[in-house]
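**Student:** Got a structure for you, questions after.
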Amino acid sequence: MGLTENIILVLSLFMLPIIFGQQLSDDECSRLGFRREELSRKRCMELEKFGLTSIKETCLKCVKADSADGLRKKYAKARLEICNCNLANYPQIQAFVRSDRPKQYENLTVKHVRGTLPTIKMLDERGNVVEELSLTKWDTDTVTEFLDAHIK
């Protein structure tokens, strides 16, 4: 690949969100399982490595134009909610819940709530829900990395 092709490739990567449409709102991104303040173009592009090309475009629409990697909000507690009836449909979340990993986080509780899809609720010091995220498209490592970065 020549210099011109490399420049075009790099420029096209930064233009993808514009080419594919407008950015999604914070609520839309959250419902889809993306944390806008956590995303970077690099992380979205890495989705291809894991066969997740189909969600790469949506991921890019959730990247903040002015986002700075490394800025992470911390929460006092987290509650992972899932219905036992749905657990088998999400093997990555099932693996996390049934492993010893939840015990590594003293401020994490796992609650079985009838009819609930995998969700994580981030709580303040008083136990009030500050943020709620869908885990339906997350894998075990993503849940672990998220908790490592966001639980005090």
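Every chain in the structure tokens has a letter given in the order shown (A, B, ...), and although residue numbers restart at 1 in each chain, ligands are simply numbered from 1 in the order shown.
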Would you kindly return, as a count of residues only, each protein, DNA or RNA residue with an atom no farther than 9 Å from any atom of Thr109 of chain A, considering only C-alpha atoms and excluding same-chain residues fewer than 2 positions away?
**Tutor:** 11
**Student:** Need to verify the contact set: Lys74 of chain A, 8 Å, only C-alpha atoms, exclusion of same-chain residues closer than 6 positions in sequence. Can you return it as a short mmCIF file (atom, residue, chain, number, x, y, z; two decimals) with N, CA, C and O atoms, in the first residue's frame?
**Tutor:**
```cif
data_model
loop_
_atom_site.label_atom_id
_atom_site.label_comp_id
_atom_site.auth_asym_id
_atom_site.auth_seq_id
_atom_site.Cartn_x
_atom_site.Cartn_y
_atom_site.Cartn_z
N ALA A 149 -12.82 -0.59 36.04
CA ALA A 149 -12.64 0.84 35.76
C ALA A 149 -13.62 1.73 36.51
O ALA A 149 -13.33 2.90 36.75
N HIS A 150 -14.79 1.20 36.93
CA HIS A 150 -15.85 2.09 37.41
C HIS A 150 -16.34 1.87 38.82
O HIS A 150 -17.16 2.64 39.30
N ILE A 151 -15.87 0.86 39.50
CA ILE A 151 -16.30 0.65 40.88
C ILE A 151 -15.20 1.17 41.80
O ILE A 151 -14.03 0.86 41.61
N LYS A 152 -15.58 1.96 42.78
CA LYS A 152 -14.60 2.52 43.74
C LYS A 152 -14.01 1.45 44.60
O LYS A 152 -14.60 0.48 44.92
#
```
**Student:** Please identify all polymer residues within 6 Å of Arg36 of chain A, counting only C-alpha atoms, omitting same-chain residues fewer than 2 positions from it, and present them as a list in words.
**Tutor:**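 In the requested form, the answer reads Phe34, Glu38, Leu39, Cys62 and Val63 of chain A.
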**Student:** I need the alpha helix (DSSP H) residues of chain A per DSSP on the backbone, written as a VMD selection string.
**Tutor:** chain A and resid 3 to 19 26 to 31 41 to 46 53 to 62 84 to 87 91 to 98 140 to 150
**Student:** Can you pull out every residue within 7 Å of Glu132 of chain A, counting only C-alpha atoms, but drop anything in the same chain fewer than 5 positions away, and send it as a PyMOL selection string?
**Tutor:** chain A and resi 119-122
**Student:** Would you mind exporting N, CA, C and O atoms of the selected residues as a compact mmCIF listing (two decimals), in the first residue's frame?
**Tutor:**
```
# COMPACT_ATOMS: atom_id res chain seq x y z
N THR A 119 -28.59 -6.47 32.78
CA THR A 119 -28.46 -5.02 32.97
C THR A 119 -27.53 -4.76 34.13
O THR A 119 -27.53 -5.51 35.10
N ILE A 120 -26.76 -3.71 34.04
CA ILE A 120 -25.96 -3.29 35.18
C ILE A 120 -26.42 -1.89 35.57
O ILE A 120 -26.58 -1.02 34.72
N LYS A 121 -26.67 -1.72 36.85
CA LYS A 121 -27.10 -0.42 37.37
C LYS A 121 -25.97 0.11 38.25
O LYS A 121 -25.52 -0.56 39.17
N MET A 122 -25.54 1.31 37.93
CA MET A 122 -24.49 1.97 38.68
C MET A 122 -25.15 2.83 39.74
O MET A 122 -26.07 3.60 39.43
```
**Student:** Suppose you want the space between atom CA of Thr116 of chain A and atom CA of Val97 of chain A; what is it in Å?
**Tutor:** 14.4 Å
**Student:** Expressed in Å to a single decimal, how great is the separation between atom CA of Gln94 of chain A and atom CA of His112 of chain A?
**Tutor:**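 Interatomic distance, atom CA of Gln94 of chain A to atom CA of His112 of chain A: 11.8 Å.
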